[in-house]
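This is data.cif. It holds mmCIF, C-alpha atoms.
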```cif
data_coords
loop_
_atom_site.group_PDB
_atom_site.id
_atom_site.type_symbol
_atom_site.label_atom_id
_atom_site.label_comp_id
_atom_site.auth_asym_id
_atom_site.auth_seq_id
_atom_site.Cartn_x
_atom_site.Cartn_y
_atom_site.Cartn_z
ATOM 1 C CA MET A 1472 0.000 0.000 0.000
ATOM 2 C CA ARG A 1473 1.347 3.419 -0.951
ATOM 3 C CA ILE A 1474 0.734 6.130 1.644
ATOM 4 C CA ARG A 1475 -0.143 9.490 0.090
ATOM 5 C CA TYR A 1476 1.109 12.533 1.963
ATOM 6 C CA SER A 1477 -0.299 15.984 1.577
ATOM 7 C CA LEU A 1478 2.831 18.009 0.871
ATOM 8 C CA PRO A 1479 1.539 21.361 2.271
ATOM 9 C CA ALA A 1480 0.442 19.564 5.474
ATOM 10 C CA LEU A 1481 3.857 17.896 5.782
ATOM 11 C CA ALA A 1482 5.664 21.214 5.206
ATOM 12 C CA SER A 1483 3.447 22.961 7.782
ATOM 13 C CA ALA A 1484 4.101 20.184 10.317
ATOM 14 C CA ALA A 1485 7.867 20.476 9.701
ATOM 15 C CA LEU A 1486 7.753 24.253 10.208
ATOM 16 C CA VAL A 1487 5.718 24.030 13.441
ATOM 17 C CA LEU A 1488 7.854 21.174 14.847
ATOM 18 C CA LEU A 1489 11.148 22.890 13.988
ATOM 19 C CA THR A 1490 10.064 26.207 15.511
ATOM 20 C CA THR A 1491 8.905 24.425 18.685
ATOM 21 C CA ALA A 1492 12.143 22.402 18.804
ATOM 22 C CA ILE A 1493 14.264 25.580 18.606
ATOM 23 C CA ALA A 1494 12.154 27.162 21.391
ATOM 24 C CA LEU A 1495 12.596 24.008 23.535
ATOM 25 C CA ILE A 1496 16.362 24.003 22.947
ATOM 26 C CA ALA A 1497 16.720 27.713 23.713
ATOM 27 C CA TYR A 1498 14.374 28.108 26.685
ATOM 28 C CA VAL A 1499 13.385 24.721 28.175
ATOM 29 C CA ALA A 1500 16.342 22.295 27.942
ATOM 30 C CA PRO A 1501 18.708 22.875 30.882
ATOM 31 C CA GLU A 1502 22.314 23.880 30.261
ATOM 32 C CA ASP A 1503 24.803 21.022 30.527
ATOM 33 C CA ALA A 1504 26.853 21.174 33.739
ATOM 34 C CA ASP A 1505 30.034 20.042 31.980
ATOM 35 C CA GLN A 1506 29.933 21.665 28.519
ATOM 36 C CA GLY A 1507 27.685 24.625 29.184
ATOM 37 C CA LEU A 1508 25.887 26.355 26.309
ATOM 38 C CA SER A 1509 27.880 24.631 23.535
ATOM 39 C CA GLN A 1510 26.093 21.352 24.373
ATOM 40 C CA LYS A 1511 22.953 22.856 22.775
ATOM 41 C CA ILE A 1512 24.462 21.904 19.374
ATOM 42 C CA PHE A 1513 23.791 18.281 20.398
ATOM 43 C CA TYR A 1514 20.004 18.764 19.917
ATOM 44 C CA PHE A 1515 20.483 19.334 16.181
ATOM 45 C CA HIS A 1516 23.783 17.551 15.491
ATOM 46 C CA VAL A 1517 22.763 14.067 16.737
ATOM 47 C CA PRO A 1518 19.196 14.095 15.296
ATOM 48 C CA ILE A 1519 20.645 15.224 11.926
ATOM 49 C CA ALA A 1520 23.118 12.298 12.011
ATOM 50 C CA LEU A 1521 20.335 9.841 12.934
ATOM 51 C CA THR A 1522 18.135 11.266 10.151
ATOM 52 C CA ALA A 1523 21.000 10.706 7.688
ATOM 53 C CA TYR A 1524 21.172 7.053 8.832
ATOM 54 C CA VAL A 1525 17.378 6.740 8.389
ATOM 55 C CA MET A 1526 17.574 8.164 4.850
ATOM 56 C CA PHE A 1527 20.446 5.845 3.895
ATOM 57 C CA GLY A 1528 18.466 2.922 5.348
ATOM 58 C CA TRP A 1529 15.342 3.978 3.437
ATOM 59 C CA GLY A 1530 17.412 4.276 0.250
ATOM 60 C CA ALA A 1531 18.750 0.743 0.761
ATOM 61 C CA TRP A 1532 15.239 -0.596 1.411
ATOM 62 C CA LYS A 1533 13.950 1.014 -1.805
ATOM 63 C CA ALA A 1534 16.990 -0.381 -3.655
ATOM 64 C CA LEU A 1535 16.055 -3.845 -2.396
ATOM 65 C CA VAL A 1536 12.452 -3.304 -3.563
ATOM 66 C CA HIS A 1537 13.808 -2.302 -6.973
ATOM 67 C CA LEU A 1538 15.964 -5.428 -7.262
ATOM 68 C CA TRP A 1539 13.054 -7.581 -6.145
ATOM 69 C CA ARG A 1540 10.279 -6.119 -8.336
ATOM 70 C CA ARG A 1541 12.352 -4.312 -11.025
ATOM 71 C CA ASP A 1542 10.310 -1.218 -10.290
ATOM 72 C CA PRO A 1543 11.804 2.020 -11.766
ATOM 73 C CA ALA A 1544 9.810 4.073 -9.227
ATOM 74 C CA ALA A 1545 11.661 2.327 -6.374
ATOM 75 C CA ASP A 1546 14.991 3.138 -8.066
ATOM 76 C CA LEU A 1547 14.055 6.844 -8.162
ATOM 77 C CA GLU A 1548 12.929 6.735 -4.514
ATOM 78 C CA SER A 1549 16.213 5.059 -3.511
ATOM 79 C CA TYR A 1550 18.206 7.738 -5.359
ATOM 80 C CA VAL A 1551 16.270 10.616 -3.743
ATOM 81 C CA ALA A 1552 16.589 9.053 -0.243
ATOM 82 C CA ILE A 1553 20.365 8.710 -0.658
ATOM 83 C CA HIS A 1554 20.564 12.296 -1.917
ATOM 84 C CA GLN A 1555 18.754 13.438 1.238
ATOM 85 C CA GLY A 1556 21.035 11.234 3.344
ATOM 86 C CA VAL A 1557 24.110 12.900 1.837
ATOM 87 C CA ILE A 1558 22.700 16.384 2.535
ATOM 88 C CA PHE A 1559 22.000 15.440 6.170
ATOM 89 C CA GLY A 1560 25.409 13.715 6.334
ATOM 90 C CA ALA A 1561 27.150 16.915 5.207
ATOM 91 C CA LEU A 1562 25.190 18.866 7.835
ATOM 92 C CA THR A 1563 26.284 16.321 10.482
ATOM 93 C CA LEU A 1564 29.934 16.866 9.572
ATOM 94 C CA VAL A 1565 29.632 20.666 9.558
ATOM 95 C CA THR A 1566 27.660 20.972 12.829
ATOM 96 C CA GLY A 1567 29.963 18.351 14.418
ATOM 97 C CA SER A 1568 33.031 20.324 13.357
ATOM 98 C CA ILE A 1569 31.636 23.509 14.914
ATOM 99 C CA TRP A 1570 30.884 21.625 18.141
ATOM 100 C CA ALA A 1571 34.372 20.062 18.115
ATOM 101 C CA LYS A 1572 35.973 23.484 17.736
ATOM 102 C CA VAL A 1573 34.123 24.956 20.719
ATOM 103 C CA SER A 1574 34.504 21.828 22.922
ATOM 104 C CA TRP A 1575 37.899 20.357 22.002
ATOM 105 C CA GLY A 1576 39.530 23.384 20.370
ATOM 106 C CA VAL A 1577 39.974 21.611 17.007
ATOM 107 C CA TRP A 1578 37.745 21.360 13.928
ATOM 108 C CA TRP A 1579 38.472 17.659 13.398
ATOM 109 C CA ALA A 1580 40.114 14.767 15.330
ATOM 110 C CA TRP A 1581 41.447 11.904 13.221
ATOM 111 C CA SER A 1582 41.924 9.846 16.388
ATOM 112 C CA SER A 1583 38.157 9.596 16.925
ATOM 113 C CA ASN A 1584 36.710 6.396 15.391
ATOM 114 C CA GLN A 1585 33.196 7.815 15.346
ATOM 115 C CA LEU A 1586 34.221 10.835 13.267
ATOM 116 C CA VAL A 1587 36.351 8.892 10.810
ATOM 117 C CA LEU A 1588 33.735 6.159 10.327
ATOM 118 C CA PHE A 1589 31.020 8.729 9.705
ATOM 119 C CA LEU A 1590 33.273 10.426 7.149
ATOM 120 C CA VAL A 1591 33.848 7.044 5.439
ATOM 121 C CA LEU A 1592 30.077 6.453 5.347
ATOM 122 C CA PHE A 1593 29.500 9.946 3.924
ATOM 123 C CA LEU A 1594 32.191 9.537 1.243
ATOM 124 C CA PHE A 1595 30.846 6.086 0.336
ATOM 125 C CA TYR A 1596 27.410 7.548 -0.345
ATOM 126 C CA ALA A 1597 28.893 10.605 -2.086
ATOM 127 C CA ALA A 1598 30.588 8.136 -4.484
ATOM 128 C CA TYR A 1599 27.126 6.645 -5.202
ATOM 129 C CA PHE A 1600 26.404 9.659 -7.421
ATOM 130 C CA MET A 1601 29.667 9.178 -9.341
ATOM 131 C CA LEU A 1602 28.677 5.581 -10.046
ATOM 132 C CA ARG A 1603 25.090 6.456 -10.942
ATOM 133 C CA PHE A 1604 25.953 9.250 -13.358
ATOM 134 C CA SER A 1605 28.784 7.339 -15.029
ATOM 135 C CA ILE A 1606 26.278 4.790 -16.413
ATOM 136 C CA GLU A 1607 23.693 5.501 -19.121
ATOM 137 C CA PRO A 1608 20.104 5.696 -17.804
ATOM 138 C CA GLY A 1609 18.347 2.340 -17.902
ATOM 139 C CA PRO A 1610 18.089 -0.981 -16.064
ATOM 140 C CA ARG A 1611 21.889 -1.410 -15.796
ATOM 141 C CA ARG A 1612 22.279 1.905 -14.003
ATOM 142 C CA ALA A 1613 19.331 1.194 -11.707
ATOM 143 C CA ASN A 1614 20.638 -2.287 -10.791
ATOM 144 C CA SER A 1615 24.237 -1.151 -10.150
ATOM 145 C CA SER A 1616 23.020 1.790 -8.022
ATOM 146 C CA ALA A 1617 20.709 -0.513 -6.039
ATOM 147 C CA VAL A 1618 23.498 -2.998 -5.254
ATOM 148 C CA TYR A 1619 25.817 -0.141 -4.179
ATOM 149 C CA ALA A 1620 23.098 1.371 -1.938
ATOM 150 C CA ILE A 1621 22.523 -1.986 -0.218
ATOM 151 C CA PHE A 1622 26.263 -2.485 0.419
ATOM 152 C CA GLY A 1623 26.505 0.970 1.996
ATOM 153 C CA VAL A 1624 23.851 0.263 4.588
ATOM 154 C CA ALA A 1625 26.218 -2.269 6.208
ATOM 155 C CA LEU A 1626 28.407 0.674 7.236
ATOM 156 C CA ILE A 1627 25.628 2.157 9.403
ATOM 157 C CA PRO A 1628 25.798 -0.382 12.295
ATOM 158 C CA VAL A 1629 29.610 -0.329 12.017
ATOM 159 C CA SER A 1630 29.618 3.466 12.384
ATOM 160 C CA PHE A 1631 27.087 3.303 15.220
ATOM 161 C CA LEU A 1632 28.734 0.488 17.191
ATOM 162 C CA ALA A 1633 32.393 1.370 16.614
ATOM 163 C CA ILE A 1634 32.389 4.006 19.333
ATOM 164 C CA ARG A 1635 30.888 1.501 21.781
ATOM 165 C CA LEU A 1636 33.278 -1.315 20.874
ATOM 166 C CA ALA A 1637 36.452 0.793 20.740
ATOM 167 C CA ASN A 1638 36.989 3.100 23.696
ATOM 168 C CA ASP A 1639 36.678 6.466 22.035
ATOM 169 C CA PHE A 1640 37.712 8.983 24.656
ATOM 170 C CA ILE A 1641 37.232 12.065 22.488
ATOM 171 C CA HIS A 1642 33.727 11.709 21.083
ATOM 172 C CA PRO A 1643 31.180 11.447 23.905
ATOM 173 C CA THR A 1644 28.817 8.438 24.110
ATOM 174 C CA VAL A 1645 25.420 9.617 25.286
ATOM 175 C CA PHE A 1646 23.379 6.503 24.540
ATOM 176 C CA THR A 1647 24.846 3.539 26.419
ATOM 177 C CA SER A 1648 23.475 0.139 27.457
ATOM 178 C CA ARG A 1649 22.267 1.885 30.653
ATOM 179 C CA GLY A 1650 20.050 4.235 28.598
ATOM 180 C CA PRO A 1651 20.456 7.911 27.655
ATOM 181 C CA GLN A 1652 22.970 9.702 29.903
ATOM 182 C CA MET A 1653 20.984 12.927 30.284
ATOM 183 C CA SER A 1654 18.080 14.376 32.239
ATOM 184 C CA GLY A 1655 14.438 13.682 31.280
ATOM 185 C CA LEU A 1656 13.920 17.201 29.937
ATOM 186 C CA MET A 1657 17.091 16.978 27.841
ATOM 187 C CA PHE A 1658 15.981 13.604 26.436
ATOM 188 C CA PHE A 1659 12.504 14.964 25.647
ATOM 189 C CA THR A 1660 14.034 17.937 23.786
ATOM 190 C CA PHE A 1661 16.327 15.571 21.896
ATOM 191 C CA CYS A 1662 13.389 13.303 20.858
ATOM 192 C CA PHE A 1663 11.321 16.334 19.829
ATOM 193 C CA SER A 1664 14.186 17.709 17.705
ATOM 194 C CA TRP A 1665 14.633 14.341 16.044
ATOM 195 C CA ALA A 1666 10.892 14.167 15.230
ATOM 196 C CA ALA A 1667 11.106 17.691 13.758
ATOM 197 C CA LEU A 1668 14.131 16.830 11.610
ATOM 198 C CA LEU A 1669 12.573 13.561 10.438
ATOM 199 C CA THR A 1670 9.475 15.516 9.350
ATOM 200 C CA LEU A 1671 11.710 18.029 7.541
ATOM 201 C CA ALA A 1672 13.562 15.171 5.807
ATOM 202 C CA ALA A 1673 10.246 13.528 4.804
ATOM 203 C CA CYS A 1674 9.045 16.865 3.410
ATOM 204 C CA LEU A 1675 12.251 17.509 1.409
ATOM 205 C CA TYR A 1676 12.167 13.888 0.170
ATOM 206 C CA GLN A 1677 8.579 14.274 -1.087
ATOM 207 C CA VAL A 1678 9.346 17.652 -2.733
ATOM 208 C CA GLU A 1679 12.396 16.283 -4.545
ATOM 209 C CA LEU A 1680 10.551 13.128 -5.565
ATOM 210 C CA ALA A 1681 7.612 15.138 -6.948
ATOM 211 C CA GLY A 1682 10.060 17.280 -8.967
ATOM 212 C CA LYS A 1683 11.873 14.247 -10.382
ATOM 213 C CA ARG A 1684 8.583 12.512 -11.304
ATOM 214 C CA LEU A 1685 7.305 15.664 -13.007
ATOM 215 C CA ASP A 1686 10.602 15.951 -14.890
ATOM 216 C CA ALA A 1687 10.317 12.348 -16.127
ATOM 217 C CA ARG A 1688 6.692 12.834 -17.244
ATOM 218 C CA LEU A 1689 7.566 16.026 -19.118
ATOM 219 C CA ARG A 1690 10.434 14.229 -20.891
ATOM 220 C CA GLU A 1691 7.987 11.482 -21.905
ATOM 221 C CA LEU A 1692 5.475 14.059 -23.150
ATOM 222 C CA ARG A 1693 8.195 15.844 -25.139
ATOM 223 C CA GLU A 1694 9.133 12.551 -26.841
ATOM 224 C CA LEU A 1695 5.464 11.870 -27.672
ATOM 225 C CA LEU A 1696 4.960 15.331 -29.152
ATOM 226 C CA ALA A 1697 8.246 15.381 -31.110
ATOM 227 C CA MET B 558 27.984 37.533 22.788
ATOM 228 C CA THR B 559 30.214 34.805 24.299
ATOM 229 C CA THR B 560 32.350 32.418 22.199
ATOM 230 C CA ALA B 561 30.012 29.490 22.969
ATOM 231 C CA GLU B 562 26.986 31.547 21.914
ATOM 232 C CA LYS B 563 28.709 32.434 18.631
ATOM 233 C CA TYR B 564 29.461 28.770 17.839
ATOM 234 C CA VAL B 565 25.949 27.587 18.773
ATOM 235 C CA ALA B 566 24.439 30.325 16.581
ATOM 236 C CA ALA B 567 26.800 29.341 13.727
ATOM 237 C CA ALA B 568 25.770 25.653 13.940
ATOM 238 C CA TYR B 569 22.056 26.507 13.742
ATOM 239 C CA LEU B 570 22.672 29.114 11.033
ATOM 240 C CA VAL B 571 24.433 26.507 8.859
ATOM 241 C CA VAL B 572 21.382 24.213 9.041
ATOM 242 C CA PHE B 573 19.073 27.115 8.187
ATOM 243 C CA LEU B 574 21.253 28.193 5.231
ATOM 244 C CA VAL B 575 21.414 24.670 3.801
ATOM 245 C CA VAL B 576 17.607 24.340 3.955
ATOM 246 C CA LEU B 577 17.306 27.792 2.361
ATOM 247 C CA ALA B 578 19.727 26.811 -0.430
ATOM 248 C CA TYR B 579 17.674 23.661 -0.993
ATOM 249 C CA VAL B 580 14.470 25.715 -1.299
ATOM 250 C CA LEU B 581 16.221 28.041 -3.800
ATOM 251 C CA ILE B 582 17.361 25.067 -5.916
ATOM 252 C CA ILE B 583 13.822 23.619 -5.894
ATOM 253 C CA ALA B 584 12.397 27.066 -6.830
ATOM 254 C CA ALA B 585 14.803 27.273 -9.804
ATOM 255 C CA LYS B 586 13.797 23.778 -10.877
ATOM 256 C CA LEU B 587 10.108 24.659 -10.591
ATOM 257 C CA GLN B 588 10.714 27.669 -12.845
ATOM 258 C CA ARG B 589 12.415 25.443 -15.435
ATOM 259 C CA LEU B 590 9.540 22.933 -15.308
ATOM 260 C CA GLU B 591 7.026 25.763 -15.728
ATOM 261 C CA ARG B 592 8.931 26.929 -18.834
ATOM 262 C CA GLU B 593 8.979 23.405 -20.238
ATOM 263 C CA VAL B 594 5.219 22.965 -19.676
ATOM 264 C CA ALA B 595 4.608 26.261 -21.518
ATOM 265 C CA GLU B 596 6.799 25.087 -24.434
ATOM 266 C CA LEU B 597 4.994 21.749 -24.616
ATOM 267 C CA SER B 598 1.537 23.312 -24.527
ATOM 268 C CA GLU B 599 2.657 25.669 -27.320
ATOM 269 C CA LEU B 600 3.871 22.650 -29.315
ATOM 270 C CA ALA B 601 0.574 20.803 -28.762
ATOM 271 C CA ARG B 602 -1.431 23.889 -29.830
ATOM 272 C CA ALA B 603 0.648 24.307 -32.997
ATOM 273 C CA ARG B 604 0.108 20.647 -33.865
ATOM 274 C CA LYS B 605 -3.634 20.948 -33.369
ATOM 275 C CA GLU B 606 -3.783 24.002 -35.651
ATOM 276 C CA LYS B 607 -1.830 22.168 -38.354
ATOM 277 C CA GLU B 608 -4.206 19.145 -38.352
ATOM 278 C CA PRO B 609 -6.911 19.287 -41.061
ATOM 279 C CA GLU B 610 -10.356 19.899 -39.639
ATOM 280 C CA ARG B 611 -12.476 16.742 -39.486
ATOM 281 C CA LYS B 612 -16.009 16.789 -40.832
ATOM 282 C CA ALA B 613 -18.791 15.541 -38.599
ATOM 283 C CA VAL B 614 -20.347 12.376 -40.078
ATOM 284 C CA ALA B 615 -23.604 10.803 -38.953
ATOM 285 C CA VAL B 616 -23.058 7.341 -37.527
ATOM 286 C CA GLY B 617 -25.554 4.468 -37.917
#
```
What do you get writing this file as structure tokens?
Amino acid sequence: MRIRYSLPALASAALVLLTTAIALIAYVAPEDADQGLSQKIFYFHVPIALTAYVMFGWGAWKALVHLWRRDPAADLESYVAIHQGVIFGALTLVTGSIWAKVSWGVWWAWSSNQLVLFLVLFLFYAAYFMLRFSIEPGPRRANSSAVYAIFGVALIPVSFLAIRLANDFIHPTVFTSRGPQMSGLMFFTFCFSWAALLTLAACLYQVELAGKRLDARLRELRELLA
Amino acid sequence: MTTAEKYVAAAYLVVFLVVLAYVLIIAAKLQRLEREVAELSELARARKEKEPERKAVAVG
């Protein structure tokens, strides 16, 4: 079953949720005793990273659907999801760098497994576009892109678990086996921000998908009228 | 404004600017699609004008 979203309703929900999230971060969430105000970057940085993982996962799922049913619509959906994932991935790296600078005094730390693995994941998916646009449009391109997207998703648990398996002393681990290491109000703000960013990602995904579908239909119409 | 405040503002500003850039790209694309639709409708109209008029014939 295909769920139909009303794009204006989704965009309105994203706007309301994001505005509320910013108000929660600024006025409700308490200041961290250790890091102070700079910890407020956490409420956007981590949800953006998790949203990137969700988009990469969604792209891999759609790639699997394409390989299973040979459905060109699933190939387009996989491509758009990975594109969104790369945008959110780039935002994760930029916001993370700003946070690193204010907390650790450096923009980047090569000694942190979490940072390096996220960069590897980001570059892997950035290379997806090189592969996709180096092949002529058609089933071969769709199949190669789908296989690549599915391989990439294996990097997500590696990136997520690496910090927990290797003792990364630089990058903080907030979510441990004992639950989230923060107060209830901080955790609520975090969850709210994540919901807001997921809604924003869903909205941008639907907008881009609608544009790509319209583009394809216009190309078809042009060929018919030629 | 303290250093921490500046960095926090910069992090949120980056997110806002990226979303804004995305909206601008989509707006440019929408403009291109609008132009293409206008071209295609012009093409369809020209084709219709070129077609010889069909006479109405009683059926049955």
Using only the atoms of segment 597-609 of chain B listed in the file, plus 4 Å on each side, state the axis-aligned box centre and edge lengths in Å rounded to one decimal, as lines of an AutoDock Vina configuration file.
```
center_x = -1.0
center_y = 22.4
center_z = -32.8
size_x = 19.9
size_y = 14.5
size_z = 24.5
```
Dump as a JSON list (two decimals) with C-alpha atoms, in the frame of the given file the residues of chain B that approach chain A to within 7 Å, counting all atoms listed in the file.
```json
[["chain", "number", "residue", "atom", "x", "y", "z"],
["B", 561, "ALA", "CA", 30.01, 29.49, 22.97],
["B", 562, "GLU", "CA", 26.99, 31.55, 21.91],
["B", 564, "TYR", "CA", 29.46, 28.77, 17.84],
["B", 565, "VAL", "CA", 25.95, 27.59, 18.77],
["B", 568, "ALA", "CA", 25.77, 25.65, 13.94],
["B", 572, "VAL", "CA", 21.38, 24.21, 9.04],
["B", 597, "LEU", "CA", 4.99, 21.75, -24.62]]
```
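The spacing separating atom CA of Pro1610 of chain A from atom CA of Arg1541 of chain A amounts to 8.3 Å.
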Arg1612 of chain A environment, 9 Å, all atoms listed in the file, sequence neighbours closer than 6 positions dropped, as a PyMOL selection string: chain A and resi 1602-1606
Dump of C-alpha atoms for the selected residues, as a PDB file, keeping the file's coordinate frame:
```
ATOM      1  CA  LEU A1602      28.677   5.581 -10.046  1.00  0.00           C
ATOM      2  CA  ARG A1603      25.090   6.456 -10.942  1.00  0.00           C
ATOM      3  CA  PHE A1604      25.953   9.250 -13.358  1.00  0.00           C
ATOM      4  CA  SER A1605      28.784   7.339 -15.029  1.00  0.00           C
ATOM      5  CA  ILE A1606      26.278   4.790 -16.413  1.00  0.00           C
TER       6      ILE A1606
END
```
Work out how far apart atom CA of Ala1485 of chain A and atom CA of Ala1687 of chain A are and give it in Å to one decimal. 27.2 Å
Taking the file above as input, evaluate the PyMOL selection byres ((chain A and resi 1520-1534) around 8) and report the hits as a ChimeraX atom specification. /A:1516-1519,1535-1538,1545-1546,1548-1553,1555-1560,1563,1616-1618,1620-1621,1623-1624,1627,1665,1668-1669,1672
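For the atom pair formed by atom CA of Cys1674 of chain A and atom CA of Ala1544 of chain A, the distance is 18.0 Å, given to one decimal.
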Extract, using only C-alpha atoms, all DNA, RNA and protein residues at most 12 Å from Ala1484 of chain A, discarding same-chain residues fewer than 5 positions from it, and format them as a VMD selection string. chain A and resid 1476 to 1479 1489 to 1492 1666 to 1674
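Ranking A:Cys1662, A:Leu1486, A:Leu1547, A:Leu1695 by their shortest atom-to-atom distance to Gln1677 of chain A, with all atoms listed in the file included, puts A:Leu1547 first.
Non-sequential neighbours of Phe1659 of chain A (distance at most 12 Å, separation of 2 or more positions within a chain, only C-alpha atoms) are Ala1492, Leu1495, Ile1496, Val1499, Ala1500, Pro1501, Tyr1514, Pro1651, Met1653, Ser1654, Gly1655, Leu1656, Met1657, Phe1661, Cys1662, Phe1663, Ser1664, Trp1665 and Ala1666 of chain A.
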